[in-house]
Each structure stands twice: as C-alpha cells, then as structure tokens.
$ cat query-v8.txt   # compact mmCIF, C-alpha atoms
# COMPACT_ATOMS: atom_id res chain seq x y z
CA MET A 1 -5.22 22.80 -6.60
CA SER A 2 -3.09 23.57 -3.57
CA ALA A 3 -4.37 22.96 -0.06
CA GLY A 4 -2.62 26.12 1.08
CA VAL A 5 0.30 26.34 3.50
CA PHE A 6 1.56 22.84 4.05
CA GLY A 7 1.64 21.27 7.45
CA PRO A 8 0.55 17.90 8.76
CA GLY A 9 -2.39 19.62 10.49
CA PRO A 10 -4.04 21.53 7.62
CA ALA A 11 -3.44 18.82 5.01
CA LEU A 12 -4.67 16.08 7.34
CA ALA A 13 -7.76 18.13 8.20
CA ALA A 14 -8.57 18.46 4.49
CA VAL A 15 -8.20 14.72 3.89
CA MET A 16 -10.31 13.86 6.94
CA ALA A 17 -13.04 16.23 5.79
CA ARG A 18 -12.98 14.47 2.43
CA VAL A 19 -13.41 11.11 4.21
CA ALA A 20 -16.57 12.42 5.86
CA VAL A 21 -17.98 13.60 2.51
CA THR A 22 -17.09 10.27 0.89
CA ALA A 23 -18.74 8.29 3.68
CA GLU A 24 -21.99 10.15 3.12
CA ALA A 25 -21.77 9.61 -0.64
CA VAL A 26 -20.99 5.88 -0.75
CA GLY A 27 -23.07 4.58 2.16
CA PRO A 28 -22.49 0.85 2.69
CA ARG A 29 -20.48 0.49 -0.52
CA PHE A 30 -16.71 0.84 -0.88
CA PRO A 31 -15.13 3.73 -2.82
CA LEU A 32 -12.61 2.75 -5.48
CA TYR A 33 -11.68 5.84 -7.51
CA ALA A 34 -13.21 9.29 -7.97
CA ASP A 35 -13.59 11.48 -11.05
CA PRO A 36 -11.05 14.34 -10.91
CA ALA A 37 -13.62 16.84 -12.21
CA ASP A 38 -16.45 16.42 -9.72
CA GLY A 39 -15.23 13.94 -7.10
CA ARG A 40 -17.91 11.34 -7.79
CA TRP A 41 -16.83 7.88 -6.71
CA THR A 42 -16.92 4.63 -8.61
CA THR A 43 -17.78 2.08 -5.93
CA THR A 44 -17.85 -1.65 -5.33
CA GLY A 45 -20.16 -3.68 -3.17
CA ARG A 46 -17.66 -6.09 -1.58
CA GLY A 47 -14.59 -3.88 -1.51
CA SER A 48 -12.36 -5.85 -3.89
CA TRP A 49 -8.65 -5.66 -3.03
CA THR A 50 -9.04 -2.03 -1.89
CA GLY A 51 -11.73 -2.47 0.77
CA GLY A 52 -9.30 -2.45 3.66
CA PHE A 53 -8.06 1.00 2.72
CA TRP A 54 -11.53 2.45 3.08
CA ALA A 55 -11.98 0.78 6.46
CA GLY A 56 -8.52 2.05 7.39
CA LEU A 57 -9.45 5.61 6.41
CA LEU A 58 -12.55 5.40 8.58
CA TRP A 59 -10.44 4.21 11.53
CA LEU A 60 -8.01 7.08 10.96
CA ARG A 61 -10.96 9.48 10.99
CA ALA A 62 -12.19 7.93 14.25
CA ARG A 63 -8.74 8.40 15.81
CA TYR A 64 -8.56 11.96 14.48
CA THR A 65 -11.99 13.08 15.70
CA GLY A 66 -12.37 10.86 18.76
CA ALA A 67 -16.10 10.67 17.97
CA ALA A 68 -17.98 7.54 19.01
CA ALA A 69 -20.13 7.72 15.86
CA ASP A 70 -17.00 7.67 13.68
CA ARG A 71 -15.67 4.67 15.59
CA ARG A 72 -18.97 2.82 15.05
CA ALA A 73 -18.84 3.60 11.33
CA ALA A 74 -15.29 2.26 11.09
CA ALA A 75 -16.19 -0.90 12.98
CA ALA A 76 -19.23 -1.52 10.75
CA CYS A 77 -17.11 -1.13 7.62
CA THR A 78 -14.46 -3.51 8.95
CA ALA A 79 -17.15 -6.09 9.71
CA ARG A 80 -18.11 -6.01 6.02
CA LEU A 81 -14.60 -7.24 5.17
CA GLU A 82 -15.26 -10.55 6.96
CA PRO A 83 -15.93 -12.61 3.78
CA TRP A 84 -12.40 -11.87 2.55
CA ALA A 85 -10.87 -13.91 5.38
CA ALA A 86 -11.83 -17.08 3.51
CA ALA A 87 -11.06 -15.79 -0.01
CA ASP A 88 -8.14 -17.32 -1.91
CA THR A 89 -6.09 -14.20 -2.55
CA ALA A 90 -2.76 -12.85 -1.31
CA THR A 91 -4.40 -9.43 -1.29
CA ARG A 92 -5.90 -10.47 2.03
CA GLY A 93 -2.77 -8.79 3.37
CA LEU A 94 -3.88 -5.45 1.95
CA ILE A 95 -7.52 -6.00 2.89
CA LEU A 96 -7.30 -7.43 6.39
CA TRP A 97 -4.14 -5.77 7.68
CA TYR A 98 -4.89 -2.21 6.62
CA GLY A 99 -8.59 -2.67 7.37
CA THR A 100 -7.84 -3.50 11.01
CA ALA A 101 -4.39 -2.17 11.99
CA CYS A 102 -5.65 1.35 12.71
CA ALA A 103 -8.44 -0.01 14.92
CA GLY A 104 -6.37 -0.04 18.10
CA ASP A 105 -7.97 -2.16 20.80
CA ASP A 106 -11.20 -2.91 18.91
CA ALA A 107 -11.89 -6.56 19.74
CA GLN A 108 -13.83 -7.41 16.57
CA ALA A 109 -11.12 -5.97 14.34
CA ALA A 110 -8.49 -7.94 16.25
CA GLU A 111 -10.52 -11.14 15.90
CA LEU A 112 -10.89 -10.64 12.14
CA ARG A 113 -7.18 -9.89 11.79
CA GLY A 114 -6.30 -13.08 13.68
CA ARG A 115 -8.69 -15.18 11.63
CA GLY A 116 -7.29 -13.73 8.43
CA ALA A 117 -3.72 -14.39 9.56
CA ARG A 118 -4.49 -18.06 10.24
CA ALA A 119 -6.23 -18.40 6.87
CA VAL A 120 -3.31 -16.83 5.00
CA LEU A 121 -0.90 -19.11 6.87
CA SER A 122 -2.92 -22.14 5.78
CA ALA A 123 -2.54 -20.96 2.16
CA TYR A 124 1.27 -20.93 2.40
CA ASP A 125 2.68 -23.20 -0.33
CA ARG A 126 5.87 -24.95 0.82
CA GLU A 127 6.77 -25.98 -2.72
CA LEU A 128 6.66 -22.38 -3.95
CA GLY A 129 8.01 -20.91 -0.73
CA LEU A 130 5.30 -18.26 -0.57
CA VAL A 131 1.59 -17.56 -0.33
CA PRO A 132 0.45 -17.68 -3.98
CA TRP A 133 -1.58 -14.86 -5.50
CA GLY A 134 -4.73 -17.00 -5.53
CA ASP A 135 -7.73 -17.10 -7.83
CA ALA A 136 -10.35 -15.08 -5.95
CA LEU A 137 -9.83 -12.09 -8.23
CA GLY A 138 -9.57 -14.16 -11.42
CA GLY A 139 -6.61 -15.32 -13.46
CA PRO A 140 -4.01 -18.00 -12.68
CA ARG A 141 -3.54 -18.91 -9.04
CA ARG A 142 0.19 -19.66 -8.85
CA LEU A 143 1.51 -16.16 -9.25
CA ALA A 144 4.02 -14.17 -7.24
CA ARG A 145 3.12 -10.46 -7.26
CA VAL A 146 4.63 -7.59 -5.34
CA ASP A 147 1.19 -6.37 -4.23
CA GLY A 148 0.72 -9.72 -2.50
CA VAL A 149 3.54 -8.91 -0.05
CA PRO A 150 2.69 -5.65 1.82
CA GLY A 151 0.17 -6.23 4.57
CA THR A 152 0.74 -9.97 4.25
CA VAL A 153 4.08 -9.70 6.09
CA PRO A 154 2.71 -8.08 9.28
CA LEU A 155 -0.54 -10.06 9.04
CA LEU A 156 1.32 -13.40 9.01
CA ALA A 157 3.67 -12.18 11.73
CA GLY A 158 0.67 -12.11 14.07
CA ALA A 159 0.04 -15.84 13.62
CA GLY A 160 2.70 -17.04 16.07
CA PRO A 161 6.13 -18.52 15.31
CA GLN A 162 4.87 -20.41 12.26
CA GLY A 163 3.32 -17.25 10.93
CA ALA A 164 6.53 -15.28 11.45
CA ALA A 165 8.53 -17.95 9.62
CA ALA A 166 6.04 -17.94 6.73
CA ALA A 167 6.10 -14.12 6.59
CA ALA A 168 9.90 -14.09 6.32
CA ALA A 169 9.90 -16.83 3.69
CA HIS A 170 7.14 -15.11 1.71
CA LEU A 171 9.03 -11.82 1.62
CA HIS A 172 12.45 -13.25 0.83
CA ARG A 173 11.03 -15.47 -1.90
CA HIS A 174 9.50 -12.41 -3.54
CA LEU A 175 12.80 -10.57 -3.24
CA ASP A 176 14.50 -13.54 -4.95
CA LEU A 177 11.98 -13.55 -7.78
CA CYS A 178 11.21 -9.86 -8.23
CA LEU A 179 14.68 -8.41 -7.67
CA GLY A 180 16.77 -11.40 -8.73
CA ALA A 181 17.77 -9.80 -12.03
CA SER A 182 19.01 -6.58 -10.37
CA ARG A 183 22.74 -6.00 -10.33
CA GLY A 184 24.34 -3.77 -7.74
CA ARG A 185 22.59 -0.40 -7.81
CA ASP A 186 20.80 -1.19 -11.07
CA LEU A 187 17.19 -1.99 -10.22
CA LEU A 188 15.42 -4.44 -12.50
CA LEU A 189 12.06 -5.15 -10.95
CA ARG A 190 9.74 -7.90 -12.13
CA PRO A 191 6.40 -7.11 -10.46
CA ALA A 192 4.70 -10.41 -11.30
CA LEU A 193 5.80 -13.93 -12.20
CA ARG A 194 3.81 -17.06 -13.03
CA PHE A 195 4.87 -20.54 -11.95
CA ASP A 196 4.99 -23.15 -14.70
CA ALA A 197 5.49 -26.78 -13.69
CA VAL A 198 7.99 -27.28 -16.52
CA ALA A 199 9.64 -23.90 -17.07
CA GLY A 200 9.52 -22.68 -13.46
CA TRP A 201 8.95 -19.00 -12.69
CA GLN A 202 8.31 -16.84 -15.75
CA PRO A 203 7.86 -13.02 -15.76
CA CYS A 204 4.39 -11.73 -16.61
CA ALA A 205 3.84 -8.89 -19.08
CA ASP A 206 1.30 -7.21 -16.80
CA PRO A 207 2.07 -5.30 -14.64
CA PRO A 208 5.09 -4.12 -16.65
CA PRO A 209 8.59 -3.76 -15.12
CA GLY A 210 8.18 0.03 -14.93
CA TRP A 211 4.94 -0.12 -12.94
CA SER A 212 5.17 2.62 -10.32
CA ARG A 213 3.48 0.75 -7.48
CA GLY A 214 5.67 -2.32 -7.95
CA ARG A 215 8.62 -0.58 -6.39
CA ALA A 216 6.50 1.12 -3.73
CA TRP A 217 4.67 -2.03 -2.61
CA LEU A 218 7.86 -4.03 -2.23
CA LEU A 219 9.59 -1.21 -0.34
CA LEU A 220 6.65 -1.08 2.08
CA ALA A 221 6.90 -4.82 2.76
CA VAL A 222 10.66 -4.57 3.35
CA ALA A 223 10.12 -1.68 5.78
CA ASP A 224 7.56 -3.71 7.73
CA ALA A 225 9.98 -6.62 8.00
CA LEU A 226 12.83 -4.41 9.23
CA LEU A 227 10.58 -3.16 12.02
CA ARG A 228 10.05 -6.77 13.17
CA PRO A 229 13.29 -8.38 14.41
CA ASP A 230 11.71 -11.86 14.32
CA LEU A 231 11.35 -11.48 10.54
CA ALA A 232 14.70 -9.88 9.77
CA MET A 233 16.95 -12.63 11.22
CA PRO A 234 20.73 -12.06 11.44
CA GLY A 235 21.67 -12.96 7.87
CA PRO A 236 18.73 -11.62 5.87
CA ALA A 237 18.61 -8.40 7.93
CA ALA A 238 21.52 -6.98 5.94
CA ARG A 239 19.83 -8.08 2.75
CA LEU A 240 16.64 -6.26 3.71
CA ALA A 241 18.57 -3.06 4.42
CA GLU A 242 20.23 -3.33 1.00
CA ALA A 243 16.86 -3.97 -0.65
CA ALA A 244 15.44 -0.89 1.11
CA GLU A 245 18.26 1.27 -0.25
CA LEU A 246 17.79 -0.10 -3.77
CA LEU A 247 13.99 0.22 -3.81
CA SER A 248 13.88 3.63 -2.15
CA GLY A 249 16.11 5.14 -4.84
CA GLU A 250 17.78 7.22 -2.15
CA ASP A 251 20.90 7.53 -4.30
CA GLU A 252 18.74 8.99 -7.08
CA PHE A 253 17.12 11.62 -4.91
CA PRO A 254 19.80 14.34 -4.74
CA ALA A 255 20.40 14.19 -8.50
CA GLY A 256 16.80 13.61 -9.51
CA GLY A 257 15.34 16.36 -7.38
CA PRO A 258 11.62 17.15 -7.14
CA ALA A 259 10.70 15.55 -10.47
CA ARG A 260 11.27 12.14 -8.93
CA LEU A 261 9.00 12.70 -5.95
CA VAL A 262 5.90 11.58 -7.84
CA PRO A 263 6.76 8.83 -10.31
CA ALA A 264 5.31 8.18 -13.72
CA ALA A 265 2.71 5.43 -13.60
CA ASP A 266 4.88 3.53 -16.10
CA ALA A 267 8.59 4.31 -16.24
CA ALA A 268 8.55 3.40 -19.92
CA ARG A 269 6.20 6.35 -20.48
CA PRO A 270 7.94 9.20 -18.63
CA ASP A 271 5.63 11.76 -20.23
CA GLY A 272 2.51 9.74 -19.39
CA PRO A 273 0.29 9.98 -16.32
CA LEU A 274 1.80 10.25 -12.84
CA ASP A 275 0.87 8.08 -9.89
CA THR A 276 0.49 9.97 -6.62
CA SER A 277 -0.66 6.77 -4.91
CA ALA A 278 2.79 5.24 -5.48
CA ALA A 279 4.36 8.36 -3.97
CA ALA A 280 2.10 8.15 -0.90
CA ILE A 281 2.93 4.45 -0.38
CA THR A 282 6.62 5.28 -0.70
CA ALA A 283 6.34 8.08 1.87
CA VAL A 284 4.78 5.72 4.42
CA ALA A 285 7.46 3.11 3.74
CA LEU A 286 10.16 5.75 4.25
CA LEU A 287 8.58 6.89 7.53
CA LYS A 288 8.78 3.29 8.70
CA LEU A 289 12.40 2.95 7.56
CA ALA A 290 13.20 6.15 9.47
CA ARG A 291 12.24 4.27 12.66
CA VAL A 292 14.82 1.54 11.95
CA PRO A 293 18.14 2.44 13.62
CA GLY A 294 20.86 3.05 11.06
CA PRO A 295 22.83 5.69 9.18
CA ARG A 296 20.08 6.34 6.63
CA ALA A 297 17.22 6.92 9.09
CA GLY A 298 17.49 10.70 8.89
CA ALA A 299 17.62 10.70 5.09
CA TYR A 300 14.57 8.45 4.93
CA ALA A 301 12.61 10.73 7.25
CA HIS A 302 13.55 13.81 5.23
CA ARG A 303 12.60 12.16 1.93
CA ALA A 304 9.22 11.08 3.35
CA GLU A 305 8.36 14.58 4.52
CA VAL A 306 9.41 16.11 1.20
CA ILE A 307 7.15 13.68 -0.68
CA LEU A 308 4.21 14.39 1.61
CA ARG A 309 4.79 18.11 1.19
CA ARG A 310 4.77 17.76 -2.59
CA LEU A 311 1.54 15.75 -2.54
CA ALA A 312 -0.20 18.23 -0.25
CA GLU A 313 0.97 21.35 -2.06
CA SER A 314 0.67 20.22 -5.68
CA HIS A 315 -1.88 17.39 -5.87
CA LEU A 316 -4.38 17.90 -3.05
CA THR A 317 -7.45 19.94 -3.94
CA GLY A 318 -8.05 23.04 -1.87
CA PRO A 319 -11.17 25.08 -1.07
CA ASP A 320 -10.71 27.35 -4.10
CA SER A 321 -10.02 24.62 -6.66
CA GLY A 322 -13.60 24.34 -7.95
CA ARG A 323 -13.65 20.69 -6.85
CA PRO A 324 -14.34 19.00 -3.53
CA PRO A 325 -11.47 19.81 -1.13
CA GLY A 326 -9.14 17.10 0.12
CA MET A 327 -8.92 14.99 -3.05
CA LEU A 328 -5.51 13.52 -3.81
CA LEU A 329 -5.51 13.75 -7.60
CA ASP A 330 -3.18 12.33 -10.27
CA GLY A 331 -3.40 8.75 -9.08
CA CYS A 332 -3.30 6.12 -11.81
CA TYR A 333 -5.25 2.90 -11.42
CA ASP A 334 -4.01 1.21 -14.61
CA ALA A 335 -2.06 3.11 -17.27
CA GLY A 336 -2.01 0.19 -19.71
CA LYS A 337 -5.79 -0.07 -19.73
CA GLU A 338 -6.25 3.71 -19.56
CA LEU A 339 -8.34 3.16 -16.44
CA ALA A 340 -8.68 6.07 -13.97
CA VAL A 341 -5.36 7.60 -14.98
CA ARG A 342 -5.61 11.00 -13.24
CA HIS A 343 -8.04 10.18 -10.48
CA GLU A 344 -8.42 10.16 -6.74
CA LEU A 345 -7.74 6.60 -5.56
CA VAL A 346 -8.91 5.27 -2.22
CA TRP A 347 -5.54 3.69 -1.42
CA GLY A 348 -3.74 6.91 -2.36
CA ASP A 349 -5.98 8.77 0.09
CA PHE A 350 -5.27 6.15 2.75
CA PHE A 351 -1.50 6.28 2.53
CA LEU A 352 -1.45 10.07 2.35
CA ALA A 353 -3.68 10.19 5.44
CA LEU A 354 -1.54 7.60 7.22
CA GLY A 355 1.67 9.50 6.51
CA LEU A 356 0.19 12.82 7.64
CA ALA A 357 -1.38 11.19 10.70
CA ALA A 358 2.03 9.80 11.67
CA LEU A 359 3.63 13.23 11.37
CA HIS A 360 0.77 14.71 13.40
CA GLY A 361 1.07 12.08 16.16
CA VAL A 362 -2.33 10.52 15.50
CA VAL A 363 -0.89 7.03 14.86
CA ASP A 364 2.29 5.10 15.58
CA ILE A 365 3.57 4.31 12.09
CA THR A 366 5.47 1.26 13.35
CA ARG A 367 2.20 -0.46 14.27
CA VAL A 368 0.20 0.11 11.06
$ encode --input "query-v8.txt" --output "structure tokens"
Amino acid sequence: MSAGVFGPGPALAAVMARVAVTAEAVGPRFPLYADPADGRWTTTGRGSWTGGFWAGLLWLRARYTGAAADRRAAAACTARLEPWAAADTATRGLILWYGTACAGDDAQAAELRGRGARAVLSAYDRELGLVPWGDALGGPRRLARVDGVPGTVPLLAGAGPQGAAAAAAHLHRHLDLCLGASRGRDLLLRPALRFDAVAGWQPCADPPPGWSRGRAWLLLAVADALLRPDLAMPGPAARLAEAAELLSGEDEFPAGGPARLVPAADAARPDGPLDTSAAAITAVALLKLARVPGPRAGAYAHRAEVILRRLAESHLTGPDSGRPPGMLLDGCYDAGKELAVRHELVWGDFFLALGLAALHGVVDITRV
C-alpha cells in the first residue's frame, strides 16, 4: 500500500494525480467516498456537507500545477456550491470556507465566501450564544456539534467586527458545552448536544463521545482561532492554548507512540476500524498550532509531520498496490452505521493534501 519513500513531494504528487483521475470519473458531481478495492466513488449531486472539500482539492491541484484549465475546473466547482450560502446549516463553515480558502485572489470565490459569511452571521442565535446546527441536512435544528465549528470560525471572522465577535462566541460556547465535563488533563468530549427549552443542553447519543473526528474538528477550530488575535482576546487566549493542549493529546504522544497516530473511529471500539481522515485533520490543526508562538510550537510541528509520514507510508496506495495510486484508505465515514468504514474519504484526501501542500510550500497553512 505504501507510496514509497516519504516526502512531501512524492506523496503530494500521488494525491494530486488521484485528484485528476477523480475529476474525470465524477464529472459535475461531488465525490463522497471511494471503494477501497477499486477506487470507484460514491457521489452526490449537490455536494452535501463535503462539497467544499472537493472544490478545495481542485484549488490545491490548480496551485500545484499552475494550469489554467485546472483553475477553471476549480472555479466551476466552487460556483456549484452557491446554493449552500442560503442553506440553514452550520456546515456552511466546512462547505464555504474550505471550498474557497485555497482559491487565492479568485474574485468569484471571494464573493461567495463573503456572502456565506454574512448569511452565517445572520443565523447567529443570541439566546444560544452560537450558530445552531440548522435543519438543512435533517434532524433537529437547535444542536451544537463540533463539526459546526471548524471553517465557521474563519468564515465568520471575515464578516467584520460583528462577525469576529460571533466567531469567538460560537467557538467558546462550543468549548463550554463540548469540553465542560473535562477535568484537568482528563478529556471528556461531548461531540453533540441538543437544546431543550425546559432541560437546557442535553448530550446526544450520536456521534458518541469517542468519535474520532470530534476531537480533531474541535482542535482545528481552536487552531484557527489562535491564529487570529481578534478572536483569541486576552482572557480566552490562555483558555484556547489549554484547549489545544488537551485536544491534541500531546502529553499522550511520547507514551502512546505510533499506535496513536491514526485513531480508532470510535474510542470505545479500539479494535474496530481506524479513521485516517481524523488523523489528517489533526495534522493540519497541528501545523497551524506550530505557527502560533509558544513553547509547544516545535512539538506540534514534529507531531504533524510524523502523522503525515504515517499516512503516506502506511495508508496511501502506491503504484504497485493493485489499486488506483494516491488513495488515502482506512477512513471511516460512520462506524456506528457501518458506512464506508475502510474507505477513501474526500475530506481525508483534502486534509492530507493540504498538510502535504503546506510542507511543500504550495499553500500558507495560516490562511486556509
């Protein structure tokens, strides 16, 4: 399965080649997850909550190749995300931030990002102190979920002073709710909570507390806030640094060793499927944290590179694997539902590509 000798160049080249193959295969649709045996994609017409990651991958390819045709393809894909600007979902952060942030000076991407930021700001609920999950993807609207925070923080921050204030409130409210039961170095994460008018905030059973991406998503949002002084603020800045240490599990790393680099999809099932997408998200978050001045910056950078190395050497398909090269396998969409539990996931590909592109100097990780 190995991609060969690791390095940001060879691994990134393999992932970018896979993007080109995927683009030919899916056409105007959006890839969601691919079969680990043959690389065939399950797709969606509108993109769902993952559409921005496909657009982001296309922008990364355009930056990598410098080809005008690749830039046009990325711009066309981003344009297809336009309906999500008006959708009632906190995942607009994932869709509209990551679908446009790699676009550089593209005017249409910037316009869509600004429109999305204003729409998300208008959805901010002062009573709840956050942007609620919304009902565009089904289910109850007044939820707080960790996957409604990454992307939303930098997206809101682009909507002026009011947007920056809402971004800070949104993040800190989620830290209150999702990490409020943690004590000291003991992490107790509640990935989703539902607001009840009588009982207040109540934890949801799904996703479970041991959900791998819960920790990764929240760490990514904290890293984005620490890179933006207007969101950190003097008091909460220390809190964000403490949250980063807790969520990163840096204290666990020396003792845990390589086995902890790619987490189980559900911590309650340590022998169950892994989730390489959570590892890739974590690596990007750590690369961001490494850009924040402080005593742990070097450790964060080292941990990020070790994770990326593990993903490239042990989970990325190579030319002799009998499968399409450049697939990041062992991603888990939903362990509880047994859905795509050892697959290539489009967001896993995106965050692996983003991390490698940052190491290779293709992108500035502090701006994506």
$ closest_residue --input "query-v8.txt" --among "A:His170, A:Arg260, A:Arg269, A:Arg213" --to "A:Ile281" --atoms "only C-alpha atoms"
A:Arg213
$ closest_residue --input "query-v8.txt" --among "A:Leu345, A:Ala169, A:Ile307, A:Ala75" --to "A:Leu329" --atoms "only C-alpha atoms"
A:Leu345
$ residues_near_point --input "query-v8.txt" --point "(-7.4, 4.8, -3.9)" --cutoff "10 Å" --atoms "only C-alpha atoms" --output "PyMOL selection string"
chain A and resi 31-34+50-51+53-54+276-277+328-329+331-333+343-351
$ write_last_selection --input "query-v8.txt" --atoms "C-alpha atoms" --output "tab-separated table (two decimals), keeping the file's coordinate frame"
chain	number	residue	atom	x	y	z
A	31	PRO	CA	-15.13	3.73	-2.82
A	32	LEU	CA	-12.61	2.75	-5.48
A	33	TYR	CA	-11.68	5.84	-7.51
A	34	ALA	CA	-13.21	9.29	-7.97
A	50	THR	CA	-9.04	-2.03	-1.89
A	51	GLY	CA	-11.73	-2.47	0.77
A	53	PHE	CA	-8.06	1.00	2.72
A	54	TRP	CA	-11.53	2.45	3.08
A	276	THR	CA	0.49	9.97	-6.62
A	277	SER	CA	-0.66	6.77	-4.91
A	328	LEU	CA	-5.51	13.52	-3.81
A	329	LEU	CA	-5.51	13.75	-7.60
A	331	GLY	CA	-3.40	8.75	-9.08
A	332	CYS	CA	-3.30	6.12	-11.81
A	333	TYR	CA	-5.25	2.90	-11.42
A	343	HIS	CA	-8.04	10.18	-10.48
A	344	GLU	CA	-8.42	10.16	-6.74
A	345	LEU	CA	-7.74	6.60	-5.56
A	346	VAL	CA	-8.91	5.27	-2.22
A	347	TRP	CA	-5.54	3.69	-1.42
A	348	GLY	CA	-3.74	6.91	-2.36
A	349	ASP	CA	-5.98	8.77	0.09
A	350	PHE	CA	-5.27	6.15	2.75
A	351	PHE	CA	-1.50	6.28	2.53
$ closest_residue --input "query-v8.txt" --among "A:Gln162, A:Ala109, A:Asp334, A:Ala299" --to "A:Asp206" --atoms "only C-alpha atoms"
A:Asp334
$ residues_around --input "query-v8.txt" --residues "A:Gln202" --least-positions-apart "5" --cutoff "12 Å" --atoms "all atoms listed in the file" --output "list in words"
Arg142, Leu143, Ala144, Arg145, Leu177, Cys178, Arg190, Pro191, Ala192, Leu193, Arg194, Phe195, Asp196 and Ala197 of chain A
$ closest_residue --input "query-v8.txt" --among "A:Ala101, A:Ala20, A:Ala14, A:Ala55" --to "A:Gly326" --atoms "all atoms listed in the file"
A:Ala14
$ closest_residue --input "query-v8.txt" --among "A:Asp364, A:Glu245, A:Asp330, A:Glu305" --to "A:Cys102" --atoms "only C-alpha atoms"
A:Asp364
$ closest_residue --input "query-v8.txt" --among "A:Leu60, A:Val19, A:Ala238, A:Ala136" --to "A:Gly361" --atoms "only C-alpha atoms"
A:Leu60
$ atom_distance --input "query-v8.txt" --atom1 "atom CA of A:Leu247" --atom2 "atom CA of A:Arg113"
28.2 Å
$ axis_aligned_box --input "query-v8.txt" --around "stretch 283-288 of chain A" --padding-each-side "8 Å" --output "lines of an AutoDock Vina configuration file"
center_x = 7.5
center_y = 5.6
center_z = 5.3
size_x = 21.4
size_y = 21.0
size_z = 22.8
